[in-house]
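Right, one structure below, let's go through it.
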Amino acid sequence: HRALAPAVQRVLDTLALLGLSGVLLVAFWYQFVEGELPCPLCALQRVGFIVAGVGLVLNLRAGYAPSHYGIALLGAVAGGSASLRQIALHVVPDTGTYGSALLGFHFYTWAFVGFGALVAYVGAMLLLFPARGDVRAPPSGAIARFACLLFLVLAAANAVAFLLQCGLGPCPDDPTGYIW
């Protein structure tokens, strides 16, 4: 069981990282194909997903450590707080909504569900795979390396996209175009 644990943990973290990359890809699709620019709270939610992903990348590349899952947990809690704030802004009747809906729920609601799933995932991983004395990263397979590279490219692309949208100042509350 102990010999199998790092391989299972690597597979689960790789799948979780691919899921986070999927979230960022969908956000980019709506931003660049559908023309829906993210609001400041949307940007904070993306940052929450990125910070959570950094924790998983650290696990896959530097070795498993509870502190890496702690980074993922902090990203999920911060992003979940931003999505909950956005839900609260739009739950009052006649206050409108922001952006598209998917299966009847807006993306900020789906983000809150995603952050809740991340919190549950991190908790389960910490319970199922307690810290070991040896935290060296197991050999990464091609899929894990691809997942890390894809995620890091998407994180960098988000930084560039927000720089183009917001410049060096605060992002507009209701963005209509790119500053740069």
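How things are named: the first chain in the structure tokens is A, the next is B, and so on; residues count from 1 in each chain; ligands count from 1 in the order shown.
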
Contacts of stretch 156-166 of chain A at 7 Å (only C-alpha atoms; same-chain gap of 2+ positions) as a PyMOL selection string: chain A and resi 152-154+168-171+177-180

How close does each residue of stretch 74-173 of chain A get to stretch 27-50 of chain A, giving the shortest atom pair and distance in Å to one decimal for every residue with an atom at most 8 Å away, counting only C-alpha atoms, sorted by chain and residue number, as a tab-separated table?
```
residue	atom	partner	partner_atom	distance
A:Gly75	CA	A:Gly48	CA	4.4
A:Ala76	CA	A:Gly48	CA	5.7
A:Val77	CA	A:Gly48	CA	7.7
A:Ala78	CA	A:Gly48	CA	5.9
A:Gly79	CA	A:Gly48	CA	4.1
A:Gly80	CA	A:Gln45	CA	7.1
A:Ala82	CA	A:Leu41	CA	5.9
A:Ser83	CA	A:Gln45	CA	6.3
A:Gln86	CA	A:Leu41	CA	6.7
A:Gly99	CA	A:Glu36	CA	6.6
A:Tyr108	CA	A:Cys42	CA	7.2
A:Ala111	CA	A:Gln45	CA	7.2
A:Phe115	CA	A:Phe49	CA	7.9
A:Ala155	CA	A:Ile50	CA	6.2
A:Phe162	CA	A:Ala43	CA	7.9
A:Cys171	CA	A:Pro40	CA	5.9
A:Pro172	CA	A:Pro40	CA	7.1
A:Asp173	CA	A:Cys39	CA	5.9
```

- request: Check chain A with DSSP on the backbone and list each residue it calls alpha helix (DSSP H), as a PyMOL selection string.
  value: chain A and resi 5-28+40-62+66-91+107-128+142-166

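For the atom pair formed by atom CA of A:Leu103 and atom CA of A:Pro175, the distance is 24.4 Å, given to one decimal.
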
Non-local contacts of A:Pro130 (12 Å; only C-alpha atoms; under 2 positions in same chain excluded) as a list of chain:residue names: A:Arg2, A:Ala5, A:Pro6, A:Gln9, A:Tyr64, A:Ala65, A:Pro66, A:Ser67, A:Tyr69, A:Val122, A:Gly123, A:Ala124, A:Met125, A:Leu126, A:Leu127, A:Leu128, A:Arg132, A:Gly133, A:Asp134, A:Val135

Just N, CA, C and O atoms for this one: save the residues we selected as a PDB file, in the first residue's frame.
```pdb
ATOM      1  N   ARG A   2       1.921   1.288   0.826  1.00  0.00           N
ATOM      2  CA  ARG A   2       2.756   2.499   0.898  1.00  0.00           C
ATOM      3  C   ARG A   2       3.491   2.745  -0.411  1.00  0.00           C
ATOM      4  O   ARG A   2       3.737   3.887  -0.780  1.00  0.00           O
ATOM      5  N   ALA A   5       0.944   4.310  -2.910  1.00  0.00           N
ATOM      6  CA  ALA A   5       0.375   5.610  -2.540  1.00  0.00           C
ATOM      7  C   ALA A   5       0.923   6.773  -3.364  1.00  0.00           C
ATOM      8  O   ALA A   5       0.137   7.581  -3.865  1.00  0.00           O
ATOM      9  N   PRO A   6       2.241   6.918  -3.560  1.00  0.00           N
ATOM     10  CA  PRO A   6       2.718   8.064  -4.346  1.00  0.00           C
ATOM     11  C   PRO A   6       2.208   8.058  -5.790  1.00  0.00           C
ATOM     12  O   PRO A   6       1.893   9.111  -6.344  1.00  0.00           O
ATOM     13  N   GLN A   9      -1.450   9.160  -5.679  1.00  0.00           N
ATOM     14  CA  GLN A   9      -1.482  10.584  -5.369  1.00  0.00           C
ATOM     15  C   GLN A   9      -1.096  11.399  -6.603  1.00  0.00           C
ATOM     16  O   GLN A   9      -1.731  12.409  -6.911  1.00  0.00           O
ATOM     17  N   TYR A  64       5.619  15.668  -2.570  1.00  0.00           N
ATOM     18  CA  TYR A  64       4.387  15.841  -1.816  1.00  0.00           C
ATOM     19  C   TYR A  64       4.669  16.377  -0.429  1.00  0.00           C
ATOM     20  O   TYR A  64       5.526  15.870   0.273  1.00  0.00           O
ATOM     21  N   ALA A  65       3.929  17.397  -0.065  1.00  0.00           N
ATOM     22  CA  ALA A  65       4.072  17.994   1.260  1.00  0.00           C
ATOM     23  C   ALA A  65       2.724  18.589   1.663  1.00  0.00           C
ATOM     24  O   ALA A  65       2.016  19.142   0.827  1.00  0.00           O
ATOM     25  N   PRO A  66       2.385  18.489   2.939  1.00  0.00           N
ATOM     26  CA  PRO A  66       1.144  19.125   3.400  1.00  0.00           C
ATOM     27  C   PRO A  66       1.118  20.624   3.099  1.00  0.00           C
ATOM     28  O   PRO A  66       0.051  21.176   2.836  1.00  0.00           O
ATOM     29  N   SER A  67       2.275  21.277   3.116  1.00  0.00           N
ATOM     30  CA  SER A  67       2.300  22.714   2.830  1.00  0.00           C
ATOM     31  C   SER A  67       1.854  23.011   1.400  1.00  0.00           C
ATOM     32  O   SER A  67       1.244  24.048   1.145  1.00  0.00           O
ATOM     33  N   TYR A  69      -0.402  21.254  -0.250  1.00  0.00           N
ATOM     34  CA  TYR A  69      -1.862  21.194  -0.188  1.00  0.00           C
ATOM     35  C   TYR A  69      -2.416  22.407   0.560  1.00  0.00           C
ATOM     36  O   TYR A  69      -3.515  22.874   0.267  1.00  0.00           O
ATOM     37  N   VAL A 122      -8.665  18.520  -1.233  1.00  0.00           N
ATOM     38  CA  VAL A 122      -7.460  18.695  -0.423  1.00  0.00           C
ATOM     39  C   VAL A 122      -7.610  17.986   0.918  1.00  0.00           C
ATOM     40  O   VAL A 122      -6.697  17.295   1.382  1.00  0.00           O
ATOM     41  N   GLY A 123      -8.769  18.134   1.554  1.00  0.00           N
ATOM     42  CA  GLY A 123      -9.002  17.447   2.827  1.00  0.00           C
ATOM     43  C   GLY A 123      -8.893  15.945   2.682  1.00  0.00           C
ATOM     44  O   GLY A 123      -8.261  15.273   3.511  1.00  0.00           O
ATOM     45  N   ALA A 124      -9.488  15.406   1.625  1.00  0.00           N
ATOM     46  CA  ALA A 124      -9.420  13.964   1.396  1.00  0.00           C
ATOM     47  C   ALA A 124      -7.988  13.514   1.139  1.00  0.00           C
ATOM     48  O   ALA A 124      -7.550  12.472   1.660  1.00  0.00           O
ATOM     49  N   MET A 125      -7.238  14.278   0.369  1.00  0.00           N
ATOM     50  CA  MET A 125      -5.850  13.904   0.075  1.00  0.00           C
ATOM     51  C   MET A 125      -5.003  13.916   1.344  1.00  0.00           C
ATOM     52  O   MET A 125      -4.153  13.043   1.539  1.00  0.00           O
ATOM     53  N   LEU A 126      -5.233  14.891   2.207  1.00  0.00           N
ATOM     54  CA  LEU A 126      -4.472  14.947   3.456  1.00  0.00           C
ATOM     55  C   LEU A 126      -4.837  13.783   4.392  1.00  0.00           C
ATOM     56  O   LEU A 126      -3.987  13.299   5.138  1.00  0.00           O
ATOM     57  N   LEU A 127      -6.079  13.350   4.334  1.00  0.00           N
ATOM     58  CA  LEU A 127      -6.484  12.201   5.159  1.00  0.00           C
ATOM     59  C   LEU A 127      -6.002  10.873   4.577  1.00  0.00           C
ATOM     60  O   LEU A 127      -5.550   9.996   5.299  1.00  0.00           O
ATOM     61  N   LEU A 128      -6.104  10.741   3.266  1.00  0.00           N
ATOM     62  CA  LEU A 128      -5.741   9.478   2.620  1.00  0.00           C
ATOM     63  C   LEU A 128      -4.235   9.276   2.485  1.00  0.00           C
ATOM     64  O   LEU A 128      -3.757   8.149   2.490  1.00  0.00           O
ATOM     65  N   ARG A 132       4.674  11.818   4.604  1.00  0.00           N
ATOM     66  CA  ARG A 132       5.700  10.793   4.748  1.00  0.00           C
ATOM     67  C   ARG A 132       7.017  11.500   5.042  1.00  0.00           C
ATOM     68  O   ARG A 132       7.192  12.671   4.736  1.00  0.00           O
ATOM     69  N   GLY A 133       7.953  10.766   5.574  1.00  0.00           N
ATOM     70  CA  GLY A 133       9.266  11.342   5.816  1.00  0.00           C
ATOM     71  C   GLY A 133       9.974  11.714   4.530  1.00  0.00           C
ATOM     72  O   GLY A 133      10.686  12.695   4.443  1.00  0.00           O
ATOM     73  N   ASP A 134       9.740  10.953   3.476  1.00  0.00           N
ATOM     74  CA  ASP A 134      10.379  11.184   2.188  1.00  0.00           C
ATOM     75  C   ASP A 134       9.368  11.871   1.284  1.00  0.00           C
ATOM     76  O   ASP A 134       8.373  11.274   0.896  1.00  0.00           O
ATOM     77  N   VAL A 135       9.598  13.139   0.951  1.00  0.00           N
ATOM     78  CA  VAL A 135       8.646  13.884   0.131  1.00  0.00           C
ATOM     79  C   VAL A 135       9.174  14.131  -1.277  1.00  0.00           C
ATOM     80  O   VAL A 135       8.669  14.977  -1.989  1.00  0.00           O
TER      81      VAL A 135
END
```

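If you look at atom CA of A:Gly114 and atom CA of A:Arg61, they are 23.6 Å away from each other.
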
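Counting only C-alpha atoms and comparing A:Ala88, A:Leu102, A:Ala131, A:Leu18, the residue that lies closest to A:Leu56 is A:Leu18.
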
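If only C-alpha atoms are the atoms counted, then among A:Leu24, A:Leu118, A:Leu12, A:Leu89 the closest residue to A:Gly70 is A:Leu118.
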
Those of chain A in DSSP strand (DSSP E or B), formatted as a list of chain:residue names: A:Ala101, A:Leu102, A:Phe105, A:His106

Output N, CA and C atoms for every residue in the selection just made, as a compact mmCIF listing (two decimals), in the first residue's frame.
```txt
# COMPACT_ATOMS: atom_id res chain seq x y z
N ALA A 101 -24.67 32.15 -18.37
CA ALA A 101 -25.04 31.06 -17.47
C ALA A 101 -24.77 29.74 -18.18
N LEU A 102 -24.45 28.74 -17.39
CA LEU A 102 -24.23 27.39 -17.90
C LEU A 102 -25.11 26.46 -17.08
N PHE A 105 -26.85 28.18 -14.12
CA PHE A 105 -26.09 28.88 -13.09
C PHE A 105 -24.98 29.71 -13.74
N HIS A 106 -24.75 30.88 -13.17
CA HIS A 106 -23.67 31.73 -13.68
C HIS A 106 -22.32 31.18 -13.26
```

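Using only C-alpha atoms for every distance, the candidate list A:Ala62, A:Val51, A:Leu4, A:Val119 yields A:Ala62 as the residue closest to A:Ser140.
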
query: With only C-alpha atoms as the basis for distance, which of A:Ile87, A:Ala7, A:Val26, A:Ala142 is at the shortest distance from A:Gly63?
result: A:Ala7
